[in-house]
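Written below as structure tokens is the structure these notes are about.
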Amino acid sequence: MHISSLLAALAVAAPAPSPLAVVGPEVFVDAGDKVAGRPKLTYLDLLKQVVPNLAPSADGKSVEGSLPDGLRHLAGKEYEGDPPDPATLSDLEDLRFKSGGKPRIALLADFGHGDDRIEDFALLIVFDDSGSAPRLLDAGYVGIDKDTAFSEHPLIALGPGDDAIVTYSEHFNSNQTYAGWMVSFLHGRRLRMVTAEHLLSDRTCGYERDESPVFTTRAVAGSPYRDLDLTVTEEVTHNDEDCGDDKIPKLSKRIYRNSWRWNARTGGFVQRRDGVDRLDKKNEARF
């Protein structure tokens, strides 16, 4: 079944609100666990709103199903590909957040990798949790590298009743870590991406180069959403290794900044500063 048909079938009015469970901010759960604050439901019940045939495998060692056609990637078509079939659920996280002042549930379900892309099929699924039962609002892929989870700091306050969700993807080799952060939010009933940022940290004889991001927000008069600011610190440090005649970069610390502002006419966030983009070009040469 196409995801749009599932959403339409589930778009029913919700009765009186129930209390929001405290689970986090985010926790790893199993498909068979009871949903926090919803003891009559399991996480599998919620996942089946998106993947109707999701079920334990014949040997009981995994949970498998066929991901529906029509699920988009929030970062665009360049990240889309053919999911494995059947797709096996490997990790599942529960995060509670707000949008429109209402309590929501975000599940991040990792369904592994296909044959044609490195990025995992990490599916972000959001539910309205203000009624008698969680109601599916939207779902989209957010994996922008090999392994994806909610970020260490998974929520950003975009407004008094609206949180953005931050997911983190990475892969690494012996001396490099490729890391990516996606910031998305729920506008109405639909997930939208603000930005996806890729950083590179490397380490070799005599030094380490680390790129670390910090997301912050600033209030904007008359706007329902705050500006989103990104500050990336690129720092080179030395260690005590003897590297002979190898050239070691000088100690340094550089700051790069990007910024986005809500544009009501376009219905999305528009980039206003592009300092981190200059760092991207430097990193491309280091790959």
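Chains: A, B, ... in order of the structure tokens. Residues: from 1 per chain. Ligands: from 1, in order shown.
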Report as CSV: every residue of region 148-186 of chain A with an atom at most 9 Å from region 122-130 of chain A, its closest pair of atoms, and their distance in Å to one decimal, counting only C-alpha atoms, with rows sorted by chain and ascending residue number.
residue,atom,partner,partner_atom,distance
A:Thr148,CA,A:Ala122,CA,6.4
A:Ala149,CA,A:Ala122,CA,8.0
A:Leu186,CA,A:Val126,CA,8.4
Writing out the chosen residues with N, CA, C and O atoms as a short mmCIF file (atom, residue, chain, number, x, y, z; two decimals), in the first residue's frame:
data_model
loop_
_atom_site.label_atom_id
_atom_site.label_comp_id
_atom_site.auth_asym_id
_atom_site.auth_seq_id
_atom_site.Cartn_x
_atom_site.Cartn_y
_atom_site.Cartn_z
N THR A 148 22.47 5.45 11.50
CA THR A 148 21.70 6.63 11.89
C THR A 148 21.00 6.40 13.23
O THR A 148 20.50 5.30 13.50
N ALA A 149 20.98 7.45 14.05
CA ALA A 149 20.28 7.43 15.34
C ALA A 149 19.87 8.87 15.65
O ALA A 149 20.28 9.81 14.96
N LEU A 186 8.12 19.18 12.16
CA LEU A 186 6.77 18.86 11.70
C LEU A 186 6.00 20.17 11.54
O LEU A 186 5.79 20.90 12.50
#
Set the distance at 6 Å and use only C-alpha atoms: which residues neighbour region 94-96 of chain A once local chain neighbours fewer than 5 positions away are removed? I'd like the list as a PDB file with all heavy atoms, in the first residue's frame.
ATOM      1  N   PRO A  25      15.249  12.113  27.064  1.00  0.00           N
ATOM      2  CA  PRO A  25      14.562  12.500  25.850  1.00  0.00           C
ATOM      3  C   PRO A  25      14.357  11.390  24.826  1.00  0.00           C
ATOM      4  O   PRO A  25      13.354  11.365  24.139  1.00  0.00           O
ATOM      5  CB  PRO A  25      15.445  13.597  25.253  1.00  0.00           C
ATOM      6  CG  PRO A  25      16.811  13.296  25.756  1.00  0.00           C
ATOM      7  CD  PRO A  25      16.612  12.719  27.131  1.00  0.00           C
ATOM      8  N   GLU A  26      15.315  10.475  24.655  1.00  0.00           N
ATOM      9  CA  GLU A  26      15.082   9.402  23.700  1.00  0.00           C
ATOM     10  C   GLU A  26      15.572   8.102  24.298  1.00  0.00           C
ATOM     11  O   GLU A  26      16.522   8.090  25.083  1.00  0.00           O
ATOM     12  CB  GLU A  26      15.759   9.685  22.351  1.00  0.00           C
ATOM     13  CG  GLU A  26      17.224   9.316  22.262  1.00  0.00           C
ATOM     14  CD  GLU A  26      18.116  10.355  22.926  1.00  0.00           C
ATOM     15  OE1 GLU A  26      17.608  11.330  23.471  1.00  0.00           O
ATOM     16  OE2 GLU A  26      19.345  10.158  22.902  1.00  0.00           O
ATOM     17  N   VAL A  27      14.930   6.997  23.935  1.00  0.00           N
ATOM     18  CA  VAL A  27      15.315   5.694  24.471  1.00  0.00           C
ATOM     19  C   VAL A  27      15.255   4.658  23.355  1.00  0.00           C
ATOM     20  O   VAL A  27      14.442   4.761  22.431  1.00  0.00           O
ATOM     21  CB  VAL A  27      14.389   5.249  25.625  1.00  0.00           C
ATOM     22  CG1 VAL A  27      14.550   6.142  26.828  1.00  0.00           C
ATOM     23  CG2 VAL A  27      12.931   5.220  25.180  1.00  0.00           C
ATOM     24  N   ARG A 104       3.761  14.899  20.755  1.00  0.00           N
ATOM     25  CA  ARG A 104       3.975  14.008  19.615  1.00  0.00           C
ATOM     26  C   ARG A 104       4.944  12.892  20.010  1.00  0.00           C
ATOM     27  O   ARG A 104       5.742  13.030  20.943  1.00  0.00           O
ATOM     28  CB  ARG A 104       4.585  14.768  18.437  1.00  0.00           C
ATOM     29  CG  ARG A 104       3.899  16.075  18.082  1.00  0.00           C
ATOM     30  CD  ARG A 104       2.493  15.906  17.581  1.00  0.00           C
ATOM     31  NE  ARG A 104       2.012  17.124  16.925  1.00  0.00           N
ATOM     32  CZ  ARG A 104       0.750  17.337  16.579  1.00  0.00           C
ATOM     33  NH1 ARG A 104      -0.178  16.408  16.814  1.00  0.00           N
ATOM     34  NH2 ARG A 104       0.412  18.456  15.978  1.00  0.00           N
ATOM     35  N   ILE A 105       4.877  11.803  19.268  1.00  0.00           N
ATOM     36  CA  ILE A 105       5.821  10.694  19.393  1.00  0.00           C
ATOM     37  C   ILE A 105       6.616  10.623  18.098  1.00  0.00           C
ATOM     38  O   ILE A 105       6.040  10.632  17.007  1.00  0.00           O
ATOM     39  CB  ILE A 105       5.102   9.351  19.623  1.00  0.00           C
ATOM     40  CG1 ILE A 105       4.275   9.375  20.904  1.00  0.00           C
ATOM     41  CG2 ILE A 105       6.113   8.193  19.671  1.00  0.00           C
ATOM     42  CD1 ILE A 105       3.414   8.125  21.090  1.00  0.00           C
ATOM     43  N   ALA A 106       7.928  10.544  18.219  1.00  0.00           N
ATOM     44  CA  ALA A 106       8.790  10.293  17.065  1.00  0.00           C
ATOM     45  C   ALA A 106       9.476   8.949  17.257  1.00  0.00           C
ATOM     46  O   ALA A 106      10.137   8.730  18.273  1.00  0.00           O
ATOM     47  CB  ALA A 106       9.834  11.395  16.904  1.00  0.00           C
ATOM     48  N   LEU A 107       9.296   8.055  16.310  1.00  0.00           N
ATOM     49  CA  LEU A 107      10.020   6.785  16.297  1.00  0.00           C
ATOM     50  C   LEU A 107      11.049   6.824  15.178  1.00  0.00           C
ATOM     51  O   LEU A 107      10.739   7.249  14.058  1.00  0.00           O
ATOM     52  CB  LEU A 107       9.070   5.603  16.082  1.00  0.00           C
ATOM     53  CG  LEU A 107       7.986   5.369  17.127  1.00  0.00           C
ATOM     54  CD1 LEU A 107       7.205   4.095  16.786  1.00  0.00           C
ATOM     55  CD2 LEU A 107       8.566   5.281  18.528  1.00  0.00           C
TER      56      LEU A 107
END
Just give me the gap between CA of Thr237 (chain A) and CA of Ser151 (chain A) in Å, one decimal is fine. 24.8 Å
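For the pair CA of Ser252 (chain A) and CA of Cys205 (chain A), the interatomic distance is 16.6 Å.
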